[in-house]
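Asks: Next comes query07.cif, mmCIF, C-alpha atoms:
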```cif
data_work
loop_
_atom_site.label_atom_id
_atom_site.label_comp_id
_atom_site.auth_asym_id
_atom_site.auth_seq_id
_atom_site.Cartn_x
_atom_site.Cartn_y
_atom_site.Cartn_z
CA MET A 488 -17.53 -25.44 29.56
CA SER A 489 -18.41 -22.07 30.96
CA LYS A 490 -21.27 -21.19 28.58
CA ASN A 491 -23.17 -24.37 27.82
CA ARG A 492 -26.54 -22.80 26.97
CA ILE A 493 -28.08 -25.91 25.41
CA SER A 494 -27.80 -29.60 26.04
CA VAL A 495 -29.45 -31.77 23.42
CA SER A 496 -28.79 -35.12 21.81
CA PHE A 497 -30.37 -37.03 18.97
CA PRO A 498 -30.52 -40.80 19.49
CA PRO A 499 -29.91 -42.80 16.29
CA ASP A 500 -33.44 -44.27 16.26
CA SER A 501 -34.91 -40.77 16.50
CA VAL A 502 -32.69 -39.49 13.68
CA GLN A 503 -33.77 -42.45 11.56
CA ARG A 504 -37.48 -41.67 12.14
CA ILE A 505 -36.86 -38.00 11.28
CA ARG A 506 -35.12 -38.99 8.04
CA GLU A 507 -38.00 -41.32 7.17
CA ALA A 508 -40.52 -38.56 7.88
CA LEU A 509 -38.55 -36.16 5.67
CA ALA A 510 -38.48 -38.76 2.89
CA ILE A 511 -42.26 -39.08 3.15
CA LEU A 512 -42.65 -35.30 3.00
CA GLU A 513 -40.36 -35.08 -0.03
CA THR A 514 -42.42 -37.77 -1.75
CA GLU A 515 -45.75 -36.12 -0.90
CA PHE A 516 -44.52 -32.69 -1.99
CA THR A 517 -43.27 -33.65 -5.45
CA ALA A 518 -45.59 -31.00 -6.94
CA LEU A 519 -43.63 -28.22 -5.23
CA VAL A 520 -41.39 -26.15 -7.49
CA SER A 521 -38.09 -24.32 -7.19
CA LEU A 522 -37.72 -20.88 -8.70
CA SER A 523 -34.58 -18.99 -9.61
CA LYS A 524 -33.86 -15.63 -8.04
CA ASP A 525 -34.83 -13.92 -11.30
CA GLU A 526 -38.09 -15.86 -11.55
CA ARG A 527 -38.99 -14.95 -7.97
CA ARG A 528 -38.21 -11.29 -8.56
CA ASP A 529 -40.67 -11.00 -11.46
CA LEU A 530 -43.71 -12.48 -9.66
CA PHE A 531 -46.61 -10.77 -7.91
CA ARG A 532 -46.49 -10.92 -4.12
CA MET A 533 -49.62 -11.84 -2.20
CA GLY A 534 -50.13 -10.13 1.13
CA PRO A 535 -53.32 -10.08 3.21
CA LYS A 536 -54.98 -7.39 1.05
CA SER A 537 -54.07 -9.25 -2.12
CA GLN A 538 -55.45 -12.49 -0.68
CA ALA A 539 -58.79 -10.82 0.02
CA PHE A 540 -58.75 -9.31 -3.50
CA CYS A 541 -58.11 -12.74 -5.07
CA THR A 542 -60.84 -14.42 -3.00
CA THR A 543 -63.33 -11.74 -4.04
CA ALA A 544 -62.25 -11.97 -7.69
CA LEU A 545 -62.65 -15.76 -7.63
CA ASN A 546 -66.16 -15.44 -6.15
CA VAL A 547 -67.10 -12.87 -8.80
CA ALA A 548 -65.71 -15.07 -11.60
CA GLU A 549 -67.63 -18.10 -10.31
CA GLU A 550 -70.88 -16.19 -9.79
CA HIS A 551 -70.67 -14.37 -13.13
CA SER A 552 -68.96 -16.92 -15.33
CA GLY A 553 -70.93 -15.63 -18.33
CA ILE A 554 -68.88 -12.43 -18.49
CA MET A 555 -65.57 -14.30 -18.44
CA PRO A 556 -63.73 -15.01 -21.71
CA ARG A 557 -63.96 -18.61 -22.89
CA ASP A 558 -60.23 -19.20 -22.39
CA PHE A 559 -60.35 -18.01 -18.73
CA ASP A 560 -60.03 -21.17 -16.63
CA ILE A 561 -62.19 -20.65 -13.54
CA ALA A 562 -61.54 -24.23 -12.41
CA ALA A 563 -57.76 -23.59 -12.44
CA PHE A 564 -58.35 -20.34 -10.52
CA ARG A 565 -60.32 -22.30 -7.89
CA GLN A 566 -57.72 -25.08 -7.79
CA ASP A 567 -54.92 -22.57 -7.15
CA GLN A 568 -56.96 -20.95 -4.37
CA ASP A 569 -57.71 -24.32 -2.75
CA ALA A 570 -54.05 -25.40 -2.99
CA LEU A 571 -52.89 -22.14 -1.40
CA ASP A 572 -55.43 -22.60 1.39
CA VAL A 573 -53.87 -26.02 2.10
CA LEU A 574 -50.23 -24.91 1.78
CA ARG A 575 -50.32 -21.71 3.84
CA PRO A 576 -50.91 -23.34 7.27
CA LEU A 577 -48.40 -26.09 6.43
CA ALA A 578 -45.81 -23.51 5.39
CA MET A 579 -46.36 -21.67 8.66
CA ARG A 580 -45.66 -24.85 10.63
CA PHE A 581 -42.57 -25.55 8.52
CA ASP A 582 -41.36 -21.98 9.05
CA GLN A 583 -41.76 -22.31 12.82
CA LEU A 584 -39.96 -25.65 12.86
CA ASN A 585 -37.22 -24.31 10.57
CA GLN A 586 -36.71 -21.33 12.89
CA ARG A 587 -36.35 -23.70 15.86
CA LEU A 588 -33.84 -25.78 13.87
CA ALA A 589 -31.87 -22.66 12.94
CA ASP A 590 -31.91 -21.32 16.52
CA THR A 591 -30.80 -24.67 17.92
CA GLU A 592 -28.03 -24.93 15.33
CA LEU A 593 -26.91 -21.38 16.16
CA LEU A 594 -26.90 -22.07 19.90
CA LEU A 595 -25.00 -25.36 19.51
CA GLY A 596 -22.43 -23.63 17.32
CA SER A 597 -22.08 -20.83 19.86
CA ASP A 598 -21.58 -23.33 22.70
CA LEU A 599 -18.97 -25.20 20.68
CA MET A 600 -17.12 -22.02 19.74
CA SER A 601 -17.17 -20.80 23.35
CA ALA A 602 -15.76 -24.11 24.60
CA ALA A 603 -13.14 -24.21 21.83
CA LEU A 604 -12.02 -20.66 22.65
CA GLU A 605 -11.73 -21.63 26.31
CA VAL A 606 -9.55 -24.62 25.36
CA TYR A 607 -7.46 -22.41 23.06
CA GLY A 608 -6.95 -19.86 25.83
CA LEU A 609 -5.82 -22.55 28.24
CA VAL A 610 -3.49 -24.16 25.69
CA LYS A 611 -2.08 -20.80 24.63
CA GLY A 612 -1.35 -19.87 28.24
CA SER A 613 0.32 -23.14 29.15
CA ALA A 614 1.76 -24.37 25.84
CA LYS A 615 5.38 -23.71 26.79
CA ASP A 616 5.09 -25.39 30.16
CA LYS A 617 3.23 -28.54 29.10
CA GLY A 618 4.67 -29.31 25.64
CA LEU A 619 1.51 -28.22 23.84
CA ASP A 620 3.22 -26.28 21.04
CA GLN A 621 1.71 -28.43 18.28
CA ALA A 622 -1.78 -28.14 19.75
CA ARG A 623 -1.40 -24.38 20.14
CA GLN A 624 -0.19 -24.07 16.54
CA ALA A 625 -3.08 -26.18 15.23
CA LEU A 626 -5.63 -24.11 17.15
CA SER A 627 -4.03 -20.78 16.20
CA GLU A 628 -4.54 -21.53 12.48
CA ARG A 629 -8.19 -20.49 12.92
CA PHE A 630 -7.08 -16.91 13.57
CA GLU A 631 -4.45 -16.52 10.86
CA ARG A 632 -5.26 -13.95 8.20
CA ASN A 633 -5.14 -14.90 4.55
CA GLY A 634 -3.01 -11.89 3.67
CA ARG A 635 -0.53 -12.39 6.48
CA ARG A 636 3.05 -11.63 5.46
CA ARG A 637 5.54 -14.40 5.48
CA VAL A 638 8.68 -13.78 7.53
CA ASP A 639 10.94 -14.04 4.49
CA ALA A 640 8.79 -11.72 2.35
CA PRO A 641 10.52 -8.45 1.46
CA MET A 642 9.30 -5.40 3.35
CA PRO A 643 7.81 -2.57 1.28
CA PRO A 644 9.95 0.59 1.09
CA GLU A 645 9.15 3.23 3.67
CA LEU A 646 7.81 6.53 2.41
#
```
Before we go any further, please render this structure as structure tokens.
Replies:
Amino acid sequence: MSKNRISVSFPPDSVQRIREALAILETEFTALVSLSKDERRDLFRMGPKSQAFCTTALNVAEEHSGIMPRDFDIAAFRQDQDALDVLRPLAMRFDQLNQRLADTELLLGSDLMSAALEVYGLVKGSAKDKGLDQARQALSERFERNGRRRVDAPMPPEL
């Protein structure tokens, strides 16, 4: 292969441990939710300024609970803040790991495609000489267009 930019393997025992670790994470994160695209679109977004605003508002609500309406749940406000404080650093680590997974997957796919194209070029160039017509045909299917005209299809009239 001319462009092998990554060389990695995953031994079966390592893959098994990774799957077990993922199962543990899935079990521990049962409280996490999934939102639809529409649900996500309608929610407030919390950036750094909003985080500071929420922290200040929580402190004010806790220090001046007497001005808060009876149905305002300061404990739930605090619980949400504490949960976010726990999740944010974990999410950052997951994001970094997910990016590494995506980059590795991309690089492996690129290496595979590069090697496959090299094989296709060699087969295409020597198919007639070496009896590789079936292999060439099988490989060439990747590049056929969906709208390709069949040979027996009538030609449109010329204008």
Asks: With a cut-off of 9 Å, could you pull out the residues of region 559-595 of chain A touching region 488-498 of chain A and give me the nearest pair of atoms for each, distance in Å to one decimal, using all atoms listed in the file, ordered by chain and ascending number, as CSV?
Replies:
```
residue,atom,partner,partner_atom,distance
A:Thr591,CA,A:Ile493,CA,8.1
A:Leu594,CA,A:Ile493,CA,6.8
A:Leu595,CA,A:Ile493,CA,6.7
```
Asks: Take the selection from the previous step and output its residues with C-alpha atoms, as a PDB file, in the frame of the given file.
Replies:
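Listing of result-v1.pdb after writing:
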```pdb
ATOM      1  CA  THR A 591     -30.800 -24.670  17.920  1.00  0.00           C
ATOM      2  CA  LEU A 594     -26.900 -22.070  19.900  1.00  0.00           C
ATOM      3  CA  LEU A 595     -25.000 -25.360  19.510  1.00  0.00           C
TER       4      LEU A 595
END
```
Asks: Using the chain letters and numbers from this file, what does the PyMOL selection byres ((chain A and resi 539-550) around 10) select? Give the answer as an MDAnalysis selection string.
Replies: chainID A and resid 533:538 551:555 559:562 564:565 568
Asks: Between A:Leu577, A:Gln583, A:Phe531, A:Asp569, which has the minimum distance to Leu512 (chain A) (counting all atoms listed in the file)?
Replies: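 Of A:Leu577, A:Gln583, A:Phe531, A:Asp569, the one nearest Leu512 (chain A), counting all atoms listed in the file, is A:Leu577.
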Asks: Using CA of Val520 (chain A) and CA of Arg532 (chain A) as the two end points, give the distance in Å to one decimal.
Replies: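 We find that CA of Val520 (chain A) and CA of Arg532 (chain A) lie 16.4 Å from each other.
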Asks: How many Å separate CA of Glu631 (chain A) from CA of Glu592 (chain A)?
Replies: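 Computing the Euclidean distance for CA of Glu631 (chain A) and CA of Glu592 (chain A) yields 25.4 Å.
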Asks: CA of Ala518 (chain A) and CA of Arg506 (chain A) are how many Å apart?
Replies: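 About the pair CA of Ala518 (chain A) and CA of Arg506 (chain A): they are 19.9 Å apart.
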Asks: Apply the PyMOL selection byres ((chain A and resi 610) around 12) to the structure shown and report the selected residues as a list in words.
Replies: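 In the shown coordinates, the PyMOL selection byres ((chain A and resi 610) around 12) covers Ala603, Leu604, Glu605, Val606, Tyr607, Gly608, Leu609, Lys611, Gly612, Ser613, Ala614, Lys615, Asp616, Lys617, Gly618, Leu619, Asp620, Gln621, Ala622, Arg623, Gln624, Ala625, Leu626 and Ser627 of chain A.
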